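Data file: my_file_20.txt. Format and content: compact mmCIF, C-alpha atoms.
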# COMPACT_ATOMS: atom_id res chain seq x y z
CA MET A 1 58.00 140.13 80.66
CA ALA A 2 55.91 137.89 82.90
CA GLY A 3 53.43 135.59 81.26
CA VAL A 4 49.71 135.29 81.89
CA THR A 5 48.99 133.98 85.39
CA GLU A 6 46.34 131.57 86.58
CA GLN A 7 44.89 134.23 88.87
CA GLU A 8 44.45 136.65 85.96
CA ILE A 9 42.47 134.02 84.10
CA LEU A 10 40.30 133.15 87.12
CA ASP A 11 39.62 136.85 87.79
CA ALA A 12 38.44 137.27 84.19
CA LEU A 13 36.28 134.15 84.35
CA ALA A 14 34.64 135.40 87.55
CA LYS A 15 32.78 137.82 85.27
CA VAL A 16 31.04 134.91 83.51
CA THR A 17 27.79 133.80 85.14
CA GLU A 18 26.12 130.39 85.00
CA PRO A 19 22.55 131.45 84.09
CA GLU A 20 20.58 128.92 86.14
CA SER A 21 22.37 129.34 89.48
CA GLY A 22 23.36 132.97 89.01
CA LYS A 23 26.86 132.20 90.32
CA ASP A 24 30.03 132.95 88.44
CA ILE A 25 31.65 129.85 86.92
CA VAL A 26 34.75 130.11 89.14
CA SER A 27 33.00 130.21 92.53
CA ALA A 28 30.59 127.53 91.27
CA GLY A 29 33.57 125.23 90.69
CA LEU A 30 32.81 124.70 87.00
CA VAL A 31 36.27 125.58 85.64
CA LYS A 32 38.39 122.43 85.22
CA GLY A 33 41.78 121.44 83.78
CA LEU A 34 43.22 124.93 83.31
CA GLN A 35 46.43 124.83 81.24
CA ILE A 36 48.72 127.77 80.40
CA LYS A 37 51.46 127.50 77.78
CA ASP A 38 53.23 130.55 76.31
CA GLY A 39 50.04 132.55 75.97
CA HIS A 40 47.89 129.61 74.86
CA ILE A 41 45.11 128.93 77.37
CA GLY A 42 42.90 125.85 77.60
CA PHE A 43 40.31 124.65 80.09
CA SER A 44 36.89 123.04 80.33
CA ILE A 45 33.61 124.13 81.89
CA GLU A 46 31.76 121.27 83.56
CA VAL A 47 28.03 121.32 82.85
CA ASP A 48 24.98 119.10 82.79
CA PRO A 49 25.19 117.36 79.39
CA LYS A 50 21.47 118.00 78.80
CA ARG A 51 22.16 121.75 78.89
CA GLY A 52 25.16 121.71 76.56
CA ALA A 53 23.52 123.46 73.62
CA GLU A 54 21.84 126.11 75.78
CA LEU A 55 25.15 126.94 77.55
CA GLU A 56 27.14 127.48 74.35
CA PRO A 57 26.86 131.30 74.74
CA MET A 58 28.41 130.95 78.21
CA ARG A 59 31.32 128.94 76.75
CA LYS A 60 31.81 131.55 74.04
CA LEU A 61 31.80 134.41 76.57
CA ALA A 62 34.38 132.58 78.73
CA GLU A 63 36.57 132.20 75.65
CA GLU A 64 36.22 135.90 74.82
CA VAL A 65 37.04 137.26 78.30
CA VAL A 66 40.18 135.11 78.48
CA TYR A 67 41.22 136.07 74.96
CA ASP A 68 40.93 139.76 75.96
CA ILE A 69 43.62 139.34 78.66
CA LYS A 70 46.89 140.99 77.67
CA GLY A 71 49.40 138.36 76.57
CA VAL A 72 46.85 135.69 75.61
CA ILE A 73 47.43 134.37 72.09
CA SER A 74 44.65 131.77 71.96
CA ALA A 75 41.90 130.47 74.22
CA THR A 76 40.42 126.99 73.88
CA VAL A 77 37.33 126.41 76.02
CA VAL A 78 35.22 123.26 75.90
CA LEU A 79 32.05 122.12 77.63
CA THR A 80 32.33 118.76 79.36
CA ALA A 81 30.50 116.70 81.96
CA GLU A 82 31.78 114.52 84.80
CA LYS A 83 28.39 112.80 84.87
CA ALA A 84 24.82 113.61 84.02
CA GLN A 85 22.82 115.26 86.76
CA GLY A 86 19.62 113.59 87.87
CA GLY A 87 20.61 110.19 86.51
CA GLY A 88 20.54 111.16 82.85
CA ALA A 89 22.83 109.76 80.19
CA GLY A 90 26.42 110.96 80.31
CA ALA A 91 28.38 112.70 77.63
CA PRO A 92 30.47 110.70 75.17
CA GLY A 93 33.37 109.08 76.97
CA ASP A 94 31.53 108.82 80.30
CA ASN A 95 29.00 106.04 79.70
CA ALA A 96 28.21 105.01 76.15
CA PRO A 97 30.90 105.33 73.46
CA GLY A 98 29.60 107.22 70.48
CA GLY A 99 26.51 108.50 72.31
CA PRO A 100 25.07 111.93 71.54
CA PRO A 101 27.08 114.92 72.72
CA PRO A 102 25.71 117.44 75.26
CA GLY A 103 22.48 118.98 74.03
CA GLY A 104 21.35 115.95 72.03
CA PRO A 105 22.48 114.61 68.66
CA ALA A 106 24.73 117.11 66.92
CA PRO A 107 25.22 117.53 63.19
CA LYS A 108 28.58 116.78 61.67
CA ILE A 109 31.00 119.66 61.74
CA GLY A 110 32.76 120.62 58.55
CA THR A 111 29.68 121.68 56.64
CA PRO A 112 30.42 124.03 53.72
CA ASP A 113 30.15 127.18 55.85
CA LEU A 114 32.71 125.86 58.36
CA LEU A 115 35.33 124.28 56.07
CA PRO A 116 34.42 125.88 52.76
CA GLY A 117 37.79 125.38 51.09
CA VAL A 118 38.44 121.74 52.08
CA LYS A 119 37.38 119.40 49.28
CA SER A 120 37.95 116.08 51.08
CA ILE A 121 38.92 114.75 54.52
CA VAL A 122 40.67 111.39 54.84
CA ALA A 123 41.32 109.60 58.14
CA VAL A 124 44.44 107.45 58.52
CA ALA A 125 43.62 104.92 61.24
CA SER A 126 44.74 101.69 62.84
CA GLY A 127 43.07 99.22 65.15
CA LYS A 128 46.06 99.35 67.51
CA GLY A 129 49.15 101.41 68.26
CA GLY A 130 52.69 100.66 67.15
CA VAL A 131 52.00 99.89 63.48
CA GLY A 132 53.54 103.08 62.06
CA LYS A 133 50.28 104.92 61.42
CA SER A 134 51.66 108.43 61.99
CA THR A 135 54.74 107.80 59.83
CA THR A 136 52.42 106.54 57.11
CA ALA A 137 50.11 109.54 57.44
CA VAL A 138 53.01 112.00 57.15
CA ASN A 139 54.57 110.37 54.10
CA LEU A 140 51.16 109.87 52.48
CA ALA A 141 50.47 113.60 52.89
CA LEU A 142 53.87 114.46 51.44
CA GLY A 143 53.30 112.04 48.56
CA LEU A 144 50.00 113.76 47.73
CA ALA A 145 51.69 117.17 47.93
CA ALA A 146 54.49 115.95 45.63
CA ALA A 147 51.82 115.18 43.03
CA GLY A 148 50.76 118.83 43.08
CA HIS A 149 47.77 118.66 45.44
CA LYS A 150 47.05 121.16 48.24
CA ILE A 151 47.33 119.18 51.45
CA GLY A 152 46.65 119.74 55.15
CA LEU A 153 47.62 117.43 58.00
CA MET A 154 45.75 117.33 61.31
CA ASP A 155 47.15 115.44 64.28
CA ALA A 156 44.09 113.99 66.02
CA ASP A 157 46.18 111.94 68.46
CA ILE A 158 45.62 114.25 71.44
CA TYR A 159 47.35 111.96 73.95
CA GLY A 160 50.45 111.33 71.82
CA PRO A 161 50.86 114.12 69.24
CA SER A 162 53.86 113.45 66.98
CA MET A 163 53.40 115.76 63.99
CA PRO A 164 55.56 118.64 65.29
CA ARG A 165 58.61 116.35 65.48
CA MET A 166 57.90 114.36 62.31
CA MET A 167 57.21 117.47 60.24
CA GLY A 168 60.17 119.36 61.67
CA ILE A 169 58.03 122.21 63.05
CA SER A 170 58.57 124.10 66.31
CA GLY A 171 56.88 127.07 67.93
CA GLN A 172 53.23 127.95 68.44
CA PRO A 173 50.56 128.93 65.90
CA SER A 174 49.40 132.54 65.71
CA SER A 175 46.17 134.15 64.51
CA SER A 176 46.12 136.56 61.58
CA ASP A 177 42.45 137.46 62.01
CA GLY A 178 42.26 137.47 65.81
CA LYS A 179 39.62 134.73 65.74
CA ASN A 180 41.02 131.49 64.33
CA LEU A 181 44.49 129.98 64.50
CA ASP A 182 46.67 129.80 61.41
CA PRO A 183 48.09 126.31 60.84
CA MET A 184 51.85 125.81 60.96
CA GLU A 185 53.51 124.95 57.64
CA ASN A 186 56.47 122.97 56.33
CA TYR A 187 57.23 121.14 53.08
CA GLY A 188 54.22 122.88 51.54
CA ILE A 189 51.77 121.25 53.97
CA LYS A 190 49.54 122.99 56.52
CA VAL A 191 49.73 121.26 59.92
CA MET A 192 47.80 121.53 63.19
CA SER A 193 48.53 119.53 66.33
CA MET A 194 47.95 119.76 70.07
CA GLY A 195 51.72 119.26 70.23
CA PHE A 196 52.12 122.92 69.23
CA MET A 197 50.28 123.99 72.38
CA VAL A 198 52.09 121.95 75.06
CA GLU A 199 55.61 120.74 75.79
CA GLU A 200 56.54 117.46 74.10
CA ASP A 201 56.72 115.54 77.40
CA THR A 202 53.56 117.06 78.94
CA PRO A 203 50.84 114.42 79.54
CA MET A 204 47.33 115.25 78.35
CA ILE A 205 45.07 114.07 81.17
CA TRP A 206 41.72 114.78 79.52
CA ARG A 207 38.41 112.95 79.58
CA GLY A 208 36.61 111.90 76.41
CA PRO A 209 34.35 114.96 75.97
CA MET A 210 37.32 117.34 76.29
CA VAL A 211 39.20 115.43 73.62
CA GLN A 212 36.16 115.50 71.35
CA SER A 213 35.78 119.26 71.69
CA ALA A 214 39.49 119.89 71.17
CA LEU A 215 39.43 117.86 67.94
CA GLU A 216 36.41 119.76 66.67
CA GLN A 217 38.07 123.08 67.41
CA MET A 218 41.23 122.06 65.54
CA LEU A 219 38.99 121.63 62.52
CA ARG A 220 36.49 124.42 63.00
CA ASP A 221 38.69 127.17 64.48
CA VAL A 222 41.72 126.86 62.19
CA ASN A 223 42.24 128.83 58.97
CA TRP A 224 42.77 125.79 56.73
CA GLY A 225 42.10 127.74 53.53
CA GLU A 226 41.91 125.93 50.20
CA LEU A 227 42.82 122.23 50.42
CA ASP A 228 42.34 119.29 48.08
CA VAL A 229 42.77 116.81 50.95
CA LEU A 230 42.97 117.16 54.72
CA ILE A 231 44.72 114.09 56.13
CA VAL A 232 43.68 113.30 59.71
CA ASP A 233 46.11 111.18 61.72
CA MET A 234 43.63 109.39 63.98
CA PRO A 235 44.34 108.12 67.51
CA PRO A 236 45.12 104.38 67.55
CA GLY A 237 42.37 101.96 68.51
CA THR A 238 38.59 101.95 68.17
CA GLY A 239 37.44 103.67 71.36
CA ASP A 240 35.16 106.62 72.02
CA ALA A 241 37.50 109.28 70.64
CA GLN A 242 37.85 107.45 67.34
CA LEU A 243 34.16 106.64 67.03
CA THR A 244 33.14 110.19 67.87
CA MET A 245 35.59 111.56 65.30
CA ALA A 246 34.19 109.24 62.65
CA GLN A 247 30.62 110.27 63.50
CA ARG A 248 31.13 114.03 63.81
CA VAL A 249 33.56 114.76 60.95
CA PRO A 250 32.38 114.58 57.31
CA LEU A 251 35.03 112.09 56.26
CA THR A 252 35.37 111.36 52.56
CA GLY A 253 36.94 108.06 53.53
CA ALA A 254 39.40 106.24 55.76
CA ILE A 255 42.65 104.33 55.27
CA ILE A 256 43.59 101.45 57.57
CA VAL A 257 47.28 100.84 58.39
CA SER A 258 48.33 97.39 59.62
CA THR A 259 51.34 95.17 59.94
CA PRO A 260 51.12 91.71 58.30
CA GLN A 261 50.75 89.44 61.33
CA ASP A 262 47.42 87.91 62.30
CA ILE A 263 46.96 89.76 65.61
CA ALA A 264 47.47 93.17 63.94
CA LEU A 265 45.07 92.25 61.15
CA LEU A 266 42.46 91.32 63.73
CA ASP A 267 42.70 94.86 65.14
CA ALA A 268 42.66 96.33 61.63
CA ARG A 269 39.42 94.45 60.99
CA ARG A 270 37.90 96.14 64.06
CA GLY A 271 38.89 99.51 62.66
CA LEU A 272 37.33 98.67 59.32
CA ASN A 273 34.09 97.59 60.98
CA MET A 274 33.97 100.79 63.04
CA PHE A 275 34.06 102.94 59.90
CA ARG A 276 31.51 100.77 58.13
CA LYS A 277 29.10 101.10 61.05
CA VAL A 278 29.15 104.89 60.72
CA ASP A 279 28.93 104.77 56.89
CA VAL A 280 32.46 106.03 56.21
CA PRO A 281 33.94 104.47 53.03
CA VAL A 282 37.25 102.68 53.52
CA LEU A 283 39.59 103.74 50.72
CA GLY A 284 42.03 100.91 51.25
CA LEU A 285 44.48 99.02 53.44
CA ILE A 286 48.26 99.62 53.73
CA GLU A 287 50.69 96.96 54.93
CA ASN A 288 53.46 98.65 56.94
CA MET A 289 56.67 96.89 58.09
CA SER A 290 55.93 94.44 55.31
CA TYR A 291 59.46 92.98 55.22
CA PHE A 292 63.02 93.82 56.23
CA THR A 293 66.07 93.81 53.98
CA CYS A 294 69.41 93.56 55.80
CA PRO A 295 71.55 96.62 54.91
CA HIS A 296 74.73 94.51 55.16
CA CYS A 297 74.00 91.27 53.32
CA GLY A 298 70.83 92.20 51.41
CA GLU A 299 68.91 89.20 52.74
CA ARG A 300 65.17 89.77 53.02
CA SER A 301 63.43 88.74 56.26
CA GLU A 302 59.68 88.77 56.78
CA ILE A 303 59.80 89.61 60.47
CA PHE A 304 56.05 90.09 60.90
CA SER A 305 55.08 87.66 58.14
CA HIS A 306 54.18 89.13 54.75
CA GLY A 307 51.16 89.61 52.51
CA GLY A 308 48.59 89.34 55.29
CA ALA A 309 47.16 92.80 54.64
CA ARG A 310 46.77 92.14 50.91
CA ALA A 311 44.99 88.85 51.64
CA GLU A 312 42.78 90.56 54.23
CA ALA A 313 41.90 93.33 51.76
CA ASP A 314 40.88 90.74 49.17
CA LYS A 315 38.85 88.87 51.76
CA LEU A 316 37.01 92.02 52.88
CA GLY A 317 36.45 93.37 49.39
CA MET A 318 38.56 96.51 49.78
CA ASP A 319 41.51 97.98 47.88
CA PHE A 320 45.06 97.12 48.84
CA LEU A 321 47.00 100.38 48.50
CA GLY A 322 50.53 99.03 48.88
CA GLU A 323 53.24 97.78 51.19
CA ILE A 324 56.03 99.63 53.00
CA PRO A 325 59.11 97.78 54.26
CA LEU A 326 60.64 98.05 57.72
CA HIS A 327 63.78 100.12 57.19
CA MET A 328 66.05 102.29 59.34
CA ASP A 329 66.01 105.18 56.85
CA ILE A 330 62.23 105.57 57.24
CA ARG A 331 62.58 105.66 61.02
CA LYS A 332 65.59 108.01 61.04
CA THR A 333 64.10 110.53 58.66
CA SER A 334 60.81 110.61 60.57
CA ASP A 335 62.59 111.14 63.90
CA SER A 336 64.70 113.94 62.43
CA GLY A 337 61.74 115.87 61.02
CA ARG A 338 62.70 115.20 57.40
CA PRO A 339 60.38 112.38 56.24
CA ILE A 340 61.78 110.15 53.54
CA VAL A 341 59.46 111.38 50.79
CA VAL A 342 61.15 114.80 50.98
CA SER A 343 64.63 113.87 52.27
CA ASP A 344 65.29 111.04 49.77
CA PRO A 345 62.61 111.32 47.08
CA ASP A 346 64.38 108.94 44.68
CA SER A 347 64.61 106.07 47.16
CA GLU A 348 62.48 102.99 46.68
CA TYR A 349 60.70 103.77 49.95
CA ALA A 350 59.70 107.29 48.88
CA LYS A 351 58.49 105.88 45.56
CA ALA A 352 56.38 103.32 47.44
CA TYR A 353 54.72 106.09 49.46
CA ARG A 354 54.09 108.18 46.35
CA ALA A 355 52.52 105.18 44.58
CA ILE A 356 50.19 104.73 47.56
CA ALA A 357 49.40 108.45 47.44
CA ASP A 358 48.47 108.19 43.75
CA LYS A 359 46.12 105.26 44.44
CA THR A 360 44.63 107.14 47.37
CA TRP A 361 43.95 110.19 45.19
CA ASP A 362 42.21 108.04 42.58
CA ASN A 363 40.04 106.41 45.26
CA ILE A 364 39.16 109.79 46.76
CA GLN A 365 37.95 111.03 43.38
CA GLN A 366 35.96 107.85 42.77
CA THR A 367 34.36 108.07 46.22
CA ILE A 368 33.41 111.73 45.74
CA ALA A 369 31.86 110.86 42.37
CA GLN A 370 29.91 107.96 43.88
CA GLN A 371 28.64 110.13 46.74
CA ALA A 372 27.52 112.79 44.25
CA ALA A 373 25.69 110.17 42.19
CA LYS A 374 23.83 108.96 45.30
CA ALA A 375 22.74 112.47 46.27
CA PRO A 376 18.99 113.04 45.85
CA LYS A 377 17.97 114.96 42.75
CA ILE A 378 15.14 117.49 42.94
CA VAL A 379 12.90 117.44 39.88
CA VAL A 380 10.43 120.28 39.34
CA GLN A 381 7.47 119.30 37.22

Reformat the file's structure so that it appears as structure tokens.
Amino acid sequence: MAGVTEQEILDALAKVTEPESGKDIVSAGLVKGLQIKDGHIGFSIEVDPKRGAELEPMRKLAEEVVYDIKGVISATVVLTAEKAQGGGAGAPGDNAPGGPPPGGPAPKIGTPDLLPGVKSIVAVASGKGGVGKSTTAVNLALGLAAAGHKIGLMDADIYGPSMPRMMGISGQPSSSDGKNLDPMENYGIKVMSMGFMVEEDTPMIWRGPMVQSALEQMLRDVNWGELDVLIVDMPPGTGDAQLTMAQRVPLTGAIIVSTPQDIALLDARRGLNMFRKVDVPVLGLIENMSYFTCPHCGERSEIFSHGGARAEADKLGMDFLGEIPLHMDIRKTSDSGRPIVVSDPDSEYAKAYRAIADKTWDNIQQTIAQQAAKAPKIVVQ
């Protein structure tokens, strides 16, 4: 059976009218970045950022007409802007990182009516790539699940999604209610990633606003259900995507992953400062690739130095959650889709991750209690 064609999608979208011009969005040239993958459809509608809020019904209608096409499993439609018309300020990612999204300042998503069953959201971040952030996020999530908590894992790294491979999950998500996607599951953890929607080697050539909207939809339009913690594997760095995520998502807190050497700690410090600027508590710092023990002779080598993250945590007044060594078993199990916390739970490395998970859980509970204590109290006299 033939799949959904591009022409079918464009014909359906020709029924959607841009209200100001009266033209349909296809002939007006507003449809951008159309992607088709096994019944999953994604594209953006380019609009004036000042009209973003007013054109939300148009976006919703475009999503609905595409979803009604036979063979379409899901439709992801976002509003974006190449540049502001009339010299106005651009959307996030175009001019000013962290600026207001189309339609003016937007409230954080994830309010109780949108994620009613998710008790806490924790970002796992790094100031730079290559420090093992995703491996840490996966094993942290599995460590929390091993302690009996209900855990979800969201892959926010749109440009380099790795959760499908690391969690040993293949295929595409479906929808049980015809509205929202059901997350994929393995090892007792609910998982959502853009990697489920596209081939592993397909490049995501998206501008900042499209990434922002895709991340929001992976939170808002997914049936996460009841969760104690939703772990968000953040993109590396401290650019617009990261800042926007920190501003728009009601994060309980963030965890910074770093290697011990000075240059990595400098980037970790940038990540810490980014979260502090948007009033997101930092739950602690993890030192990854802390040391290497030769599997043949047992000699320990501190390839990237050692203890720098602990010293940095002390200096910055934040918790040090633990250290993870550089070891082939951690890399092999992650590549094979059987992370070490589940494939070798009695190993010293799995125990290290579980100890970090226990400290993280304690800090989450303390942070929630502190936030509740700071909440304003209404007194009726």

Counting only C-alpha atoms, which of A:Lys190, A:Leu181, A:Cys297, A:Leu266 gets nearest to A:Gln217?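 For A:Gln217, the nearest of the candidates is A:Leu181.
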
With all atoms listed in the file as the atoms that count, which of A:His327, A:Ala141, A:Lys359, A:Ala350 lies nearest to A:Gly284? A:Lys359

To one decimal place, how far is atom CA of A:Lys37 from atom CA of A:Val198 in Å?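 Distance reported for this atom pair: 6.2 Å.
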
Got a sec: who's within 10 Å of A:Thr17, counting only C-alpha atoms, leaving out chain neighbours fewer than 2 positions off, as a PDB file with C-alpha atoms, in the coordinates of the input?
ATOM      1  CA  LEU A  13      36.280 134.150  84.350  1.00  0.00           C
ATOM      2  CA  ALA A  14      34.640 135.400  87.550  1.00  0.00           C
ATOM      3  CA  LYS A  15      32.780 137.820  85.270  1.00  0.00           C
ATOM      4  CA  PRO A  19      22.550 131.450  84.090  1.00  0.00           C
ATOM      5  CA  GLU A  20      20.580 128.920  86.140  1.00  0.00           C
ATOM      6  CA  SER A  21      22.370 129.340  89.480  1.00  0.00           C
ATOM      7  CA  GLY A  22      23.360 132.970  89.010  1.00  0.00           C
ATOM      8  CA  LYS A  23      26.860 132.200  90.320  1.00  0.00           C
ATOM      9  CA  ASP A  24      30.030 132.950  88.440  1.00  0.00           C
ATOM     10  CA  ILE A  25      31.650 129.850  86.920  1.00  0.00           C
ATOM     11  CA  VAL A  26      34.750 130.110  89.140  1.00  0.00           C
ATOM     12  CA  SER A  27      33.000 130.210  92.530  1.00  0.00           C
ATOM     13  CA  ALA A  28      30.590 127.530  91.270  1.00  0.00           C
ATOM     14  CA  MET A  58      28.410 130.950  78.210  1.00  0.00           C
ATOM     15  CA  LEU A  61      31.800 134.410  76.570  1.00  0.00           C
ATOM     16  CA  ALA A  62      34.380 132.580  78.730  1.00  0.00           C
TER      17      ALA A  62
END

Smallest atom-to-atom distance to A:His40: which of A:Ile69, A:Ala53, A:Ile255, A:Ala123, using only C-alpha atoms?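 Looking only at the distances to A:His40, the closest residue turns out to be A:Ile69.
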
Do you have, as CSV, the list of residues of stretch 176-295 of chain A lying at most 7 Å from stretch 148-164 of chain A, each with its nearest atom pair and that distance in Å to one decimal, counting all atoms listed in the file and ordered by chain then number?
residue,atom,partner,partner_atom,distance
A:Ile189,CA,A:Gly152,CA,5.5
A:Lys190,CA,A:Gly152,CA,4.6
A:Val191,CA,A:Leu153,CA,4.8
A:Met192,CA,A:Met154,CA,5.0
A:Ser193,CA,A:Asp155,CA,4.8
A:Met194,CA,A:Ile158,CA,6.1
A:Gly195,CA,A:Pro161,CA,5.3
A:Phe196,CA,A:Pro164,CA,6.8
A:Met204,CA,A:Tyr159,CA,5.5
A:Val211,CA,A:Ile158,CA,6.9
A:Leu215,CA,A:Ala156,CA,6.4
A:Leu227,CA,A:Lys150,CA,4.9
A:Asp228,CA,A:Lys150,CA,5.1
A:Val229,CA,A:Ile151,CA,5.2
A:Leu230,CA,A:Gly152,CA,4.5
A:Ile231,CA,A:Leu153,CA,4.8
A:Val232,CA,A:Met154,CA,4.8
A:Asp233,CA,A:Asp155,CA,5.1
A:Met234,CA,A:Ala156,CA,5.1
A:Pro235,CA,A:Asp157,CA,4.3

Residue among A:Asn223, A:Ser334, A:Gln365, A:Asn273 lying closest to A:Thr136, counting only C-alpha atoms: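 Ranked by minimum distance to A:Thr136, first place goes to A:Ser334.
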
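Separating atom CA of A:Ser44 from atom CA of A:Pro116 is a distance of 27.8 Å.
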
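Rounded to one decimal, atom CA of A:Ser170 and atom CA of A:Val341 lie 20.1 Å from each other.
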
Quick one: residues within 7 Å of A:Pro281, all atoms listed in the file, excluding same-chain residues fewer than 5 positions away - as a list in words? Gly253, Ala254 and Arg276 of chain A

For A:Leu115, which residue among A:Val131, A:Ile73, A:Val249, A:Ile9 is the nearest when counting only C-alpha atoms?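 Result for the nearest residue to A:Leu115: A:Val249.
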
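For the residues A:Arg300, A:Lys179, A:Lys315, A:Arg248, ranking by smallest atom-to-atom distance to A:Asp68 using all atoms listed in the file places A:Lys179 first.
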